[in-house]
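Encoded as structure tokens, the structure appears first; notes follow it.
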Amino acid sequence: MNKNETILKKITDQAILPLYFDADETVSLEVLKALYAAGIRLVEYTNRGEAALNNFKKMVALRNSDMQDLLLGIGTIKNAQMATTYIEAGADFIICPGLVEEVVEVADKHDMLWIPGCMTPSEIIKAENLGAKMIKLFPGDMLGPNFMAGIKSLFPNLIFMPTGGVSLDKDNVEAWFKAGVSAVGMGSKLVSKQLLQEKNYSKIQEMAEKAIEVVNEVKG
């Protein structure tokens, strides 16, 4: 199993990918610690705002010193320059909000796992033809589990993960897994703006522990 296959397996084993951003460096690091303490071993940091790159570099340094079994992905990558910058900063994988072919070229050049965001069968077909192994269904709340169930048989070799609007509600998570996804991305429903503002890291850890429990229960 190569590096990218290993990462894909870890994503599907964990079955939940927390994603967040905060402009404050300390908050970003403390949230990472809280997620790690909960048992999370893969995290997506979203590339939003001028502070994102500096924060990500500090997160990579913390991972390298204290959390060496953690994989750090970078999300909201929209062009080749962004991809190159974050690969150089130590990203383990790249997630895009859409299908960005110039990002694919950079990722492939660096043997880096890339996960495109798609919301139509045409986009998914194009992504698959470009070599995608995993698809981020985005925005998940607009597409819904019925969309996943309707297209799953067309793409037997692809792994799917909805992101956007996936909640901690067991019925919601269960509907997605029954429809055929292998993981769910959770952003503000897990690491909410309120918890970030309050710097309530213990609650974030508690929410992450609950999320792990819910996905494990749903997966059986």
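In the structure tokens, chains take letters A, B, ... by order of appearance, with residues numbered from 1 within each chain and ligands from 1 in the order shown.
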
(message) Please list as a PyMOL selection string every residue within 12 Å of A:Glu102, counting only C-alpha atoms and excluding residues in the same chain fewer than 6 positions away.
(response) chain A and resi 77-84+96+108-109+114+116+130

Requested write-out: N, CA, C and O atoms of the selected residues, as a CSV table (one decimal), in the first residue's frame:
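Written output follows (part33.csv):
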```csv
chain,number,residue,atom,x,y,z
A,77,ILE,N,-8.3,24.7,-1.5
A,77,ILE,CA,-7.2,24.9,-2.4
A,77,ILE,C,-7.8,25.1,-3.8
A,77,ILE,O,-8.4,24.2,-4.4
A,78,LYS,N,-7.6,26.3,-4.4
A,78,LYS,CA,-8.3,26.7,-5.6
A,78,LYS,C,-7.4,26.9,-6.8
A,78,LYS,O,-7.9,27.2,-7.9
A,79,ASN,N,-6.0,26.9,-6.6
A,79,ASN,CA,-5.1,27.1,-7.8
A,79,ASN,C,-3.8,26.4,-7.5
A,79,ASN,O,-3.5,25.9,-6.4
A,80,ALA,N,-3.0,26.3,-8.5
A,80,ALA,CA,-1.7,25.6,-8.5
A,80,ALA,C,-0.8,26.2,-7.4
A,80,ALA,O,0.0,25.5,-6.7
A,81,GLN,N,-0.7,27.6,-7.4
A,81,GLN,CA,0.2,28.3,-6.4
A,81,GLN,C,-0.2,27.9,-5.0
A,81,GLN,O,0.7,27.6,-4.2
A,82,MET,N,-1.5,27.9,-4.7
A,82,MET,CA,-1.9,27.5,-3.3
A,82,MET,C,-1.4,26.1,-3.0
A,82,MET,O,-0.9,25.8,-1.9
A,83,ALA,N,-1.6,25.2,-4.0
A,83,ALA,CA,-1.3,23.8,-3.8
A,83,ALA,C,0.2,23.7,-3.5
A,83,ALA,O,0.7,23.0,-2.6
A,84,THR,N,1.0,24.3,-4.3
A,84,THR,CA,2.5,24.3,-4.2
A,84,THR,C,2.9,24.8,-2.8
A,84,THR,O,3.8,24.2,-2.1
A,96,CYS,N,-10.0,20.2,-2.4
A,96,CYS,CA,-10.5,21.4,-3.1
A,96,CYS,C,-12.0,21.5,-3.0
A,96,CYS,O,-12.7,20.5,-2.9
A,108,ASP,N,-0.2,15.6,-8.5
A,108,ASP,CA,0.4,14.4,-9.1
A,108,ASP,C,1.9,14.5,-9.2
A,108,ASP,O,2.6,13.5,-9.0
A,109,LYS,N,2.4,15.7,-9.5
A,109,LYS,CA,3.9,15.9,-9.6
A,109,LYS,C,4.6,15.6,-8.3
A,109,LYS,O,5.7,15.1,-8.3
A,114,TRP,N,-5.0,14.1,-3.7
A,114,TRP,CA,-5.9,15.3,-3.9
A,114,TRP,C,-7.4,14.8,-3.9
A,114,TRP,O,-7.7,13.7,-4.5
A,116,PRO,N,-11.1,16.2,-4.9
A,116,PRO,CA,-11.9,17.3,-5.4
A,116,PRO,C,-13.3,17.4,-4.9
A,116,PRO,O,-13.9,16.4,-4.5
A,130,LEU,N,-9.4,11.9,-14.3
A,130,LEU,CA,-8.2,12.5,-14.0
A,130,LEU,C,-7.4,11.8,-12.9
A,130,LEU,O,-6.3,12.1,-12.6
```

Within 9 Å of stretch 184-206 of chain A: each stretch 18-123 of chain A residue with its shortest pair, only C-alpha atoms, as JSON lines:
```
{"residue": "A:Pro18", "atom": "CA", "partner": "A:Met186", "partner_atom": "CA", "distance": 4.9}
{"residue": "A:Leu19", "atom": "CA", "partner": "A:Gly187", "partner_atom": "CA", "distance": 4.8}
{"residue": "A:Tyr20", "atom": "CA", "partner": "A:Gly187", "partner_atom": "CA", "distance": 5.7}
{"residue": "A:Asp22", "atom": "CA", "partner": "A:Leu196", "partner_atom": "CA", "distance": 7.5}
{"residue": "A:Val27", "atom": "CA", "partner": "A:Lys199", "partner_atom": "CA", "distance": 6.9}
{"residue": "A:Ser28", "atom": "CA", "partner": "A:Leu196", "partner_atom": "CA", "distance": 8.9}
{"residue": "A:Glu30", "atom": "CA", "partner": "A:Tyr201", "partner_atom": "CA", "distance": 6.9}
{"residue": "A:Val31", "atom": "CA", "partner": "A:Tyr201", "partner_atom": "CA", "distance": 6.1}
{"residue": "A:Lys33", "atom": "CA", "partner": "A:Tyr201", "partner_atom": "CA", "distance": 8.5}
{"residue": "A:Ala34", "atom": "CA", "partner": "A:Gln205", "partner_atom": "CA", "distance": 4.8}
{"residue": "A:Leu35", "atom": "CA", "partner": "A:Gln205", "partner_atom": "CA", "distance": 5.5}
{"residue": "A:Tyr36", "atom": "CA", "partner": "A:Gln205", "partner_atom": "CA", "distance": 8.1}
{"residue": "A:Ala37", "atom": "CA", "partner": "A:Gln205", "partner_atom": "CA", "distance": 6.8}
{"residue": "A:Ala38", "atom": "CA", "partner": "A:Gln205", "partner_atom": "CA", "distance": 5.3}
{"residue": "A:Gly39", "atom": "CA", "partner": "A:Gln205", "partner_atom": "CA", "distance": 8.9}
{"residue": "A:Glu44", "atom": "CA", "partner": "A:Gly185", "partner_atom": "CA", "distance": 8.9}
```

(message) Just want the 12 Å neighbourhood of A:Asn129, counted on only C-alpha atoms, with same-chain residues fewer than 3 positions away dropped. Output as a PyMOL selection string.
(response) chain A and resi 99+101+104+122-126+132-133+155+157-158

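The space between atom CA of A:Pro162 and atom CA of A:Asp92 spans 19.9 Å.
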
(request) Could you tell me which of A:Met1, A:Leu143, A:Ala89, A:Ile40 comes closest to A:Val60 if we count only C-alpha atoms? (result)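 The shortest atom-to-atom distance to A:Val60 comes from A:Ala89.
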
(message) According to DSSP computed on the backbone, where in stretch 90-155 of chain A is there helix (DSSP H, G or I)? Give the residues as an MDAnalysis selection string.
(response) chainID A and resid 101:109 121:129 140:154

Given only C-alpha atoms, how would the per-residue table for stretch 64-132 of chain A near stretch 138-141 of chain A read, listing every residue at most 8 Å away with its closest atom pair and distance in Å to one decimal, sorted by chain and number, as a Markdown table?
```
| residue | atom | partner | partner_atom | distance |
| --- | --- | --- | --- | --- |
| A:Pro97 | CA | A:Phe138 | CA | 7.1 |
| A:Gly117 | CA | A:Phe138 | CA | 5.6 |
| A:Cys118 | CA | A:Phe138 | CA | 5.8 |
| A:Met119 | CA | A:Phe138 | CA | 5.8 |
```

Just write the chosen residues, all heavy atoms, as a CSV table (one decimal), in the first residue's frame.
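File written: again.csv
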```csv
chain,number,residue,atom,x,y,z
A,97,PRO,N,-12.5,22.7,-3.1
A,97,PRO,CA,-14.0,22.9,-3.1
A,97,PRO,C,-14.7,22.6,-4.4
A,97,PRO,O,-15.9,22.4,-4.5
A,97,PRO,CB,-14.2,24.4,-2.8
A,97,PRO,CG,-12.9,25.0,-3.3
A,97,PRO,CD,-11.8,24.0,-3.1
A,117,GLY,N,-13.8,18.6,-4.9
A,117,GLY,CA,-15.2,18.8,-4.5
A,117,GLY,C,-16.1,18.7,-5.8
A,117,GLY,O,-15.7,19.3,-6.8
A,118,CYS,N,-17.1,17.9,-5.8
A,118,CYS,CA,-18.0,17.7,-6.9
A,118,CYS,C,-19.4,17.7,-6.5
A,118,CYS,O,-19.8,17.3,-5.4
A,118,CYS,CB,-17.7,16.4,-7.6
A,118,CYS,SG,-16.0,16.2,-8.3
A,119,MET,N,-20.3,18.2,-7.4
A,119,MET,CA,-21.7,18.1,-7.1
A,119,MET,C,-22.6,17.7,-8.3
A,119,MET,O,-23.8,17.7,-8.2
A,119,MET,CB,-22.2,19.5,-6.6
A,119,MET,CG,-22.3,20.6,-7.6
A,119,MET,SD,-23.0,22.2,-6.9
A,119,MET,CE,-24.6,21.6,-6.4
```

(message) I'd like the interatomic distance between atom CA of A:Gly164 and atom CA of A:Asn64, to a tenth of an Å.
(response) 29.1 Å

(message) One number please: atom CA of A:Leu42 to atom CA of A:Ala183, in Å, one decimal.
(response)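 Interatomic distance here is 11.8 Å.
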
(request) Excluding A:Ala51 and any residue of its chain fewer than 2 positions from it, enumerate the residues within 10 Å of it, using only C-alpha atoms, and give them as a ChimeraX atom specification. (result) /A:21-25,47-49,53-56

(request) Enumerate, as a ChimeraX atom specification, the complete set of residues in stretch 147-202 of chain A that a backbone-based DSSP assignment places in strand (DSSP E). (result) /A:159-162,184-186

Output C-alpha atoms for every residue in that selection, as a PDB file, in the first residue's frame.
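Saved as part-v3.pdb:
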```pdb
ATOM      1  CA  ILE A 159     -14.831   6.662  -2.292  1.00  0.00           C
ATOM      2  CA  PHE A 160     -17.303   9.406  -1.338  1.00  0.00           C
ATOM      3  CA  MET A 161     -17.352  11.901   1.536  1.00  0.00           C
ATOM      4  CA  PRO A 162     -20.072  14.564   1.886  1.00  0.00           C
ATOM      5  CA  VAL A 184     -18.246  12.404   6.385  1.00  0.00           C
ATOM      6  CA  GLY A 185     -16.606  15.815   6.556  1.00  0.00           C
ATOM      7  CA  MET A 186     -17.711  17.921   9.511  1.00  0.00           C
TER       8      MET A 186
END
```

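Of the listed residues A:Thr6, A:Asn216, A:Thr120, A:Thr46, the one whose atoms come nearest to A:Phe177 is A:Asn216, with distances taken using only C-alpha atoms.
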
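Nearest residue to A:Glu213, choosing from A:Gly75, A:Arg41, A:Asp169, A:Met67 and counting only C-alpha atoms: A:Asp169.
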
(request) Tell me, as number ranges by chain, which residues lie within 7 Å of A:Gly73, counting only C-alpha atoms; anything in the same chain fewer than 4 positions away does not count. (result) A: 43-45, 91-94

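Using only C-alpha atoms, the nearest neighbour of A:Leu32 within the list A:Met142, A:Ile16, A:Val218, A:Leu72 is A:Leu72.
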